[in-house]
Amino acid sequence: MARKKDALDRLVVFLAKRDGIDKLVKTFQYVGKLCHYHLQETHPALANRFKKLEIASGLSRKAFRTGRFLTGYNALRTTTYPDTKLQILAILGNGGEMVYWFFDHFVWLAKVGVLDSHLAKRFCYISAFGEAFGYIFFNTAEFILISRGLEAEKKCTQELAQLLEEEKKEKVAGGVVSVVTERMKQVKARIAVIRLQRVMSVMAIIANLADFFIALADVEPNPFVNHAITLGLSGLASAWAGWYRNWPD
């Protein structure tokens, strides 16, 4: 008899994925940012260590994501979309994200000294602008999917109510209810899938909004989005939503 996978098995699978490692290191990065902010006045030496953790984690993520810009292109090339509206949103979203990933390589090279360090700010702006642009369309698509899912769930609920009535009538008449029961199981399964997809869409929206705030810190700096707490909490929200979405079944 095959052994059932436990939490450790799923963690190993999760960390074997590039996205899994990225979410773990992203957690380190933004925990480091928050700890540095909290300790910089009371324990400056310890705060400096957390700052180094933040910087090292950020650079590690950029190196680890080399070639990631091809993911968006491959998604556009291989994914079948249900309609033109979602396809256009996917093209715009993935296009912005491809710009983000591509120029993120140059940000990394400038920060480690391979390219002139003064170029890092310019590359950061282009990368963050592409990221923010893409997330607007990704979230629009997710809201459309949630809306359609609610409509589909409403229809399934109505169908389920009708089947329940049929089941009651057949029981009263002493008929065979196996066919109706099987149809009810299928409708309940469809509802479960719709609800799971909605949860995943909500997680995607949370992650995208959090990353949108982080991108705004480079595109349109202001005291709110550039505050250590805003960036730290946004980074953790994005990382943990990503943990949920990528966690193995």
# chains A, B, ... in the order shown; residues from 1 in each chain; ligands from 1
call {"tool": "residues_around", "arguments": {"residues": "Ile146 of chain A", "least_positions_apart": "4", "cutoff": "12 Å", "atoms": "only C-alpha atoms", "output": "ChimeraX atom specification"}}
result
/A:139-142,150-153,194-205
call {"tool": "write_last_selection", "arguments": {"atoms": "C-alpha atoms", "output": "PDB file, in the first residue's frame"}}
result
ATOM      1  CA  ASN A 139      -5.918  41.391 -11.418  1.00  0.00           C
ATOM      2  CA  THR A 140      -8.574  42.487 -13.911  1.00  0.00           C
ATOM      3  CA  ALA A 141      -8.568  38.968 -15.335  1.00  0.00           C
ATOM      4  CA  GLU A 142      -8.819  37.442 -11.847  1.00  0.00           C
ATOM      5  CA  LEU A 150     -19.979  33.150  -8.883  1.00  0.00           C
ATOM      6  CA  GLU A 151     -22.442  32.968 -11.779  1.00  0.00           C
ATOM      7  CA  ALA A 152     -21.497  29.357 -12.485  1.00  0.00           C
ATOM      8  CA  GLU A 153     -21.821  28.465  -8.796  1.00  0.00           C
ATOM      9  CA  ILE A 194     -15.347  26.603  -8.645  1.00  0.00           C
ATOM     10  CA  ARG A 195     -14.765  27.514  -4.988  1.00  0.00           C
ATOM     11  CA  LEU A 196     -11.161  26.313  -5.091  1.00  0.00           C
ATOM     12  CA  GLN A 197     -10.542  28.376  -8.230  1.00  0.00           C
ATOM     13  CA  ARG A 198     -12.040  31.410  -6.473  1.00  0.00           C
ATOM     14  CA  VAL A 199      -9.710  30.964  -3.491  1.00  0.00           C
ATOM     15  CA  MET A 200      -6.740  30.741  -5.877  1.00  0.00           C
ATOM     16  CA  SER A 201      -7.908  33.903  -7.654  1.00  0.00           C
ATOM     17  CA  VAL A 202      -8.165  35.730  -4.319  1.00  0.00           C
ATOM     18  CA  MET A 203      -4.640  34.589  -3.410  1.00  0.00           C
ATOM     19  CA  ALA A 204      -3.410  35.804  -6.805  1.00  0.00           C
ATOM     20  CA  ILE A 205      -5.059  39.205  -6.279  1.00  0.00           C
TER      21      ILE A 205
END
call {"tool": "select_by_dssp", "arguments": {"residues": "segment 55-249 of chain A", "states": "helix (DSSP H, G or I)", "output": "ChimeraX atom specification"}}
result
/A:55-64,69-78,84-111,119-173,178-219,228-246
call {"tool": "residues_around", "arguments": {"residues": "segment 3-7 of chain A", "least_positions_apart": "4", "cutoff": "12 Å", "atoms": "only C-alpha atoms", "output": "JSON, numbers by chain"}}
result
{"A": [11, 12, 13, 14, 247, 248, 249]}
call {"tool": "closest_residue", "arguments": {"among": "A:Leu59, A:Leu34, A:Val225, A:Ala132", "to": "Val107 of chain A", "atoms": "only C-alpha atoms"}}
result
A:Leu59
call {"tool": "atom_distance", "arguments": {"atom1": "atom CA of Ala75 of chain A", "atom2": "atom CA of Arg18 of chain A"}}
result
16.3 Å
call {"tool": "closest_atom_pairs", "arguments": {"of": "segment 70-97 of chain A", "to": "segment 111-131 of chain A", "cutoff": "8 Å", "atoms": "only C-alpha atoms", "output": "CSV"}}
result
residue,atom,partner,partner_atom,distance
A:Gly95,CA,A:Gly130,CA,7.8
A:Gly96,CA,A:Gly130,CA,4.3
A:Glu97,CA,A:Glu131,CA,5.2
call {"tool": "write_last_selection", "arguments": {"atoms": "all heavy atoms", "output": "tab-separated table (two decimals), in the first residue's frame"}}
result
chain	number	residue	atom	x	y	z
A	95	GLY	N	3.00	40.56	-20.95
A	95	GLY	CA	3.94	41.49	-21.58
A	95	GLY	C	4.62	42.37	-20.55
A	95	GLY	O	5.85	42.55	-20.57
A	96	GLY	N	3.83	42.93	-19.62
A	96	GLY	CA	4.41	43.73	-18.55
A	96	GLY	C	5.33	42.93	-17.66
A	96	GLY	O	6.41	43.39	-17.28
A	97	GLU	N	4.92	41.71	-17.35
A	97	GLU	CA	5.75	40.87	-16.49
A	97	GLU	C	7.04	40.46	-17.18
A	97	GLU	O	8.10	40.35	-16.54
A	97	GLU	CB	4.97	39.62	-16.06
A	97	GLU	CG	5.65	38.87	-14.94
A	97	GLU	CD	4.81	37.74	-14.40
A	97	GLU	OE1	4.40	36.87	-15.20
A	97	GLU	OE2	4.55	37.71	-13.19
call {"tool": "residues_around", "arguments": {"residues": "segment 83-88 of chain A", "least_positions_apart": "3", "cutoff": "12 Å", "atoms": "only C-alpha atoms", "output": "compact mmCIF listing (two decimals) with C-alpha atoms, in the first residue's frame"}}
result
# COMPACT_ATOMS: atom_id res chain seq x y z
CA ALA A 75 2.40 30.92 -21.26
CA LEU A 76 1.11 33.04 -24.15
CA ARG A 77 2.40 30.51 -26.67
CA THR A 78 0.89 27.40 -25.06
CA THR A 79 -2.19 28.47 -23.07
CA THR A 80 -5.67 28.24 -24.56
CA ILE A 91 -1.11 39.37 -23.41
CA LEU A 92 -0.92 42.74 -21.62
CA GLY A 93 -0.27 41.17 -18.21
CA ASN A 94 2.40 38.77 -19.41
CA GLY A 95 3.94 41.49 -21.58
CA GLY A 134 1.26 43.74 -15.80
CA PHE A 137 -4.28 43.38 -16.16
CA PHE A 138 -3.62 40.18 -14.21
CA ASN A 139 -5.92 41.39 -11.42
CA THR A 140 -8.57 42.49 -13.91
CA ALA A 141 -8.57 38.97 -15.34
CA GLU A 142 -8.82 37.44 -11.85
CA PHE A 143 -11.83 39.63 -10.98
CA ILE A 144 -13.52 38.52 -14.22
CA LEU A 145 -12.84 34.86 -13.36
CA ARG A 148 -17.90 34.18 -13.79
call {"tool": "atom_distance", "arguments": {"atom1": "atom CA of Asp104 of chain A", "atom2": "atom CA of Ala210 of chain A"}}
result
17.9 Å
call {"tool": "closest_residue", "arguments": {"among": "A:Val31, A:Leu164, A:Leu8, A:Leu209", "to": "Leu53 of chain A", "atoms": "only C-alpha atoms"}}
result
A:Val31
call {"tool": "closest_residue", "arguments": {"among": "A:Ile206, A:Pro82, A:Lys62, A:Phe50", "to": "His105 of chain A", "atoms": "only C-alpha atoms"}}
result
A:Lys62
call {"tool": "closest_residue", "arguments": {"among": "A:Leu46, A:Ala56, A:Ala63, A:Ala110", "to": "Tyr30 of chain A", "atoms": "only C-alpha atoms"}}
result
A:Ala56
call {"tool": "atom_distance", "arguments": {"atom1": "atom CA of Tyr73 of chain A", "atom2": "atom CA of Leu231 of chain A"}}
result
28.5 Å
call {"tool": "closest_residue", "arguments": {"among": "A:Asn74, A:Ser178, A:Gln162, A:Gln29", "to": "Lys52 of chain A", "atoms": "only C-alpha atoms"}}
result
A:Gln29
call {"tool": "closest_residue", "arguments": {"among": "A:Asn48, A:Lys33, A:Ala16, A:Val25", "to": "Ile229 of chain A", "atoms": "only C-alpha atoms"}}
result
A:Lys33
